[in-house]
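Asks: I'd like to ask some things about the structure below.
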Amino acid sequence: MTVLVTGFAGGLAREVARALRRAGREVVGVDYRPIPQLEGDLEGVETHRAQYHKTAIDDVFRRRRYEAVLHLGRVGNLSERMQKRFDLNVMGTRRLFASAKSYGVRRLVVLSTFHVYGASPANHTPISEEDPLRAGPDFPEIADAIQLDAMATQWAFQHPEVGLAVLRPTNVVGAAIDNTMSRLLRRERVPKLLGFNPMTQFIHARDLAEAIVAAMNGTERGVFNVAGATAIPWDTAIDIVGARRLPVPGSIAMAAVRAFSTFPAYLVNFLKYPCVITDGAFRKAFGWRPALDMRATLEDVRRTRRVEEGSSASGSESAPQRTS
Amino acid sequence: MGIFEQALRRASVSPEVEEAVDAAPNRVNEFGYDPWGFSPSFAKIGYTIAKRTLLPWFRPEVHGIEHVPSGRVLLIANHSGQLPFDGVVIALVMMLHGKPPRAIRAMVERAFPSMPFVNEVMMRGGAVLGDPVNCRNLLEDDQAILVFPEGARGGGKLWKNRYQLQAFGRGFMRLALQTKTPIVPVSVVGGEESIISVYNAKRLAKLLGMPYVPISPLLPVLGPLALAPMPVKFHVRFGAPLHFEGPPDDEDTRIDDKVERVKDAIRAQIATDRATRKGIFR
């Protein structure tokens, strides 16, 4: 049986592909970005380059029959233009859904993010799937992510013949991951907002990969948080990865980020206010639990810190997975 | 917080504080934090400091603490004093005199989580944002929850309104009905005279993102010290637990009737202690 995985240029998709192959599944990968040379346990995986909202993606479906589609290719990288993100995330996801339905795909897993909840002083703990998506009013620039999430959730109930599960994972980290959070934790000095130290969660890419495979093998439809091991203060996370703290006054942080950096402004709030999610529903539905505890999860980031400082992520390095 | 904690780790933690914090049911993880950011080791230090500074200052007299049942309970109190010393004193009293000693969780005003430093100290000490989901989770863990249903209306109370209960929210009553939690009315006498405010500088408060900014008549004489609490004597009285029954999603007016019974109990307790105290300071 064959599984189509989007976002294949990224570290998470390849982690998932490894897990699938270990379980004896055949994998086809697709990405709108160039997919780097696949080696080792991923050698020989069929890959395609196609924009999710263009006709090229239909070809990927015409060529083979897929039992399941894992849509991990949400573009979280805010350096892509708003219009391009909207095209890929909203229009592209619609097109994928339509193809999956017309070609008889039985199971769809869509990777959203817990960022849609937003970090807010009004957040209670823990946040469950029924809670409002607060990120939008403060940060309209992630409207595409919120629309993708809402569209997928709605679709899950409109098209019960395709079993669709939407996952909202917390911060994804790991040696193979190069998203904004991982890059932040690999800096020599990691920013912390003065007077704020919110409880934060992290999930290792390997644990999330297993969660995605579990969701694929399951039958429950709907939207699910995926939280990982436990919540710790941001300062503790900085300590575990072995970085030094860079205290930044909260009052200027947002203005500075908006003016001078590519760091997404909506993530500043995640260094300030809690957004602790519960994945009780996911664990119950799919019988999954993280294999790594919080220390082991972050120590994997610690191991890649030196490497990052030595060589810039380019050249022979595999293309980054940027899920913001 | 690192330096703060290290400097104070040497200061010995009071045994009652130690016992109360350790006995509190909690979901503390292997890093020493619960999901809300409560840190028992920080709370022990914080409460030990509070015990050594606030108890000699306010000399609270405690009545009726035997009324507080074990297990889940909502402590509903009058709120006053500009700064939440009344909350800290109730927490201390529950730790030092409770049978058994208990570490309470206070539901705090929505403005606090956005205040730098203040939010961290409060959360580490066990306070949580006053929100129905937070409250229900903690009650289901059989914790003791402190709620000031007057909220900022009570905290920022002006001198002319002292000991007049402001409007109560209904949330605590709905949660009590939903989780079958007994309500213990708590009155604090003394707090309402600790910091005098005759005017709430609303515009300044809005500018600073605070719920209120008190203006003290002593400001011209004492300067910023006018915002320090006076050494008034606190009287903390716990009433007999009230048990309510009914649908938690009842009409507002019917919930209000139940809330009014709690307010009546608190009013009566306030009247008792105001009548019997010898003066504001002793």
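Please note that chains go A, B, ... in the order of the structure tokens, that every chain numbers its residues from 1, and that ligands are numbered from 1 in the order shown.
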May I have the residues of chain A within 7 Å of chain B, counting only C-alpha atoms, written as a PyMOL selection string?
Replies: chain A and resi 121-122+124-125+194-197+199+231-232
Asks: Atoms to include: C-alpha atoms. Write the selected residues as a PDB file, in the first residue's frame.
Replies:
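To be explicit, this is the file written out as again_9.pdb:
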ATOM      1  CA  PRO A 121      -3.058  36.326  28.669  1.00  0.00           C
ATOM      2  CA  ALA A 122      -6.662  35.119  28.496  1.00  0.00           C
ATOM      3  CA  HIS A 124      -6.721  28.899  30.355  1.00  0.00           C
ATOM      4  CA  THR A 125      -4.801  25.678  30.897  1.00  0.00           C
ATOM      5  CA  LEU A 194      12.013  40.150  30.856  1.00  0.00           C
ATOM      6  CA  GLY A 195       9.470  39.307  33.513  1.00  0.00           C
ATOM      7  CA  PHE A 196       7.824  36.536  31.480  1.00  0.00           C
ATOM      8  CA  ASN A 197       8.519  32.827  31.580  1.00  0.00           C
ATOM      9  CA  MET A 199       4.948  27.237  30.404  1.00  0.00           C
ATOM     10  CA  ALA A 231       5.129  21.580  29.972  1.00  0.00           C
ATOM     11  CA  ILE A 232       8.166  23.458  31.268  1.00  0.00           C
TER      12      ILE A 232
END
Asks: Do you know which residues are at most 12 Å from Gly228 of chain A counting only C-alpha atoms, after dropping those on the same chain fewer than 6 positions away, and could you put them as a VMD selection string?
Replies: chain A and resid 168 to 173 200 to 211 276 to 280 282 to 283 288 to 298
Asks: Between atom CA of Glu109 of chain B and atom CA of Gly169 of chain B, what is the spacing in Å?
Replies: 12.0 Å
Asks: Which residue out of A:Glu67, A:Glu39, A:Asp235, A:Glu299 has the minimum interatomic distance to Pro198 of chain A when only C-alpha atoms are used?
Replies: A:Asp235
Asks: Which one of A:Ala150, A:Leu96, A:Ala19, A:Leu267 sits closest to Gly76 of chain A if you count only C-alpha atoms?
Replies: A:Leu267
Asks: Would you kindly return, as number ranges by chain, each protein, DNA or RNA residue with an atom no farther than 7 Å from any atom of Lys202 of chain B, considering only C-alpha atoms and excluding same-chain residues fewer than 2 positions away?
Replies: B: 200, 204-206, 212-213
Asks: Considering only helix (DSSP H, G or I) as DSSP defines it on the backbone, what residues of segment 212-321 of chain A qualify? List them as a count of residues only.
Replies: 55
Asks: Output as JSON, numbers by chain all residues of segment 21-260 of chain B that backbone DSSP marks as strand (DSSP E or B).
Replies: {"B": [61, 62, 63, 73, 74, 75, 76, 77, 105, 106, 107, 108, 128, 129, 144, 145, 146, 147, 183, 184, 185, 186, 187, 188, 189, 199, 200, 214, 215, 235, 236, 237, 238, 242]}
Asks: My list of candidates is A:Cys275, A:Val190, A:Ala17, A:Val110. Which is closest to Thr47 of chain A when distances are computed with only C-alpha atoms?
Replies: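 That would be A:Ala17, the residue with the smallest distance to Thr47 of chain A.
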Asks: At a cut-off of 9 Å, using only C-alpha atoms, what residues contact Trp155 of chain A? Leave out same-chain residues fewer than 4 positions from it and give the result as a count of residues only.
Replies: 6
Asks: At what distance in Å, to one decimal, does atom CA of Leu108 of chain A lie from atom CA of Val3 of chain A?
Replies: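 Separating atom CA of Val3 of chain A from atom CA of Leu108 of chain A is a distance of 9.9 Å.
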Asks: Looking at only C-alpha atoms, which of B:Asn78, B:Ser41, B:Pro248, B:Ile195 is the one that sits closest to Glu19 of chain B?
Replies: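 When distances to Glu19 of chain B are compared using only C-alpha atoms, the smallest one comes from B:Ser41.
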Asks: What is the atom CA of Ala143 of chain A to atom CA of Lys54 of chain A distance in Å?
Replies: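 So the answer is 21.1 Å.
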Asks: Might you pull out every residue within 7 Å of Gly118 of chain A, with only C-alpha atoms counted and same-chain residues fewer than 6 positions away left off, and present them as a list in words?
Replies: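 Everything that qualifies: Leu133, Arg134, Ala135 and Cys275 of chain A.
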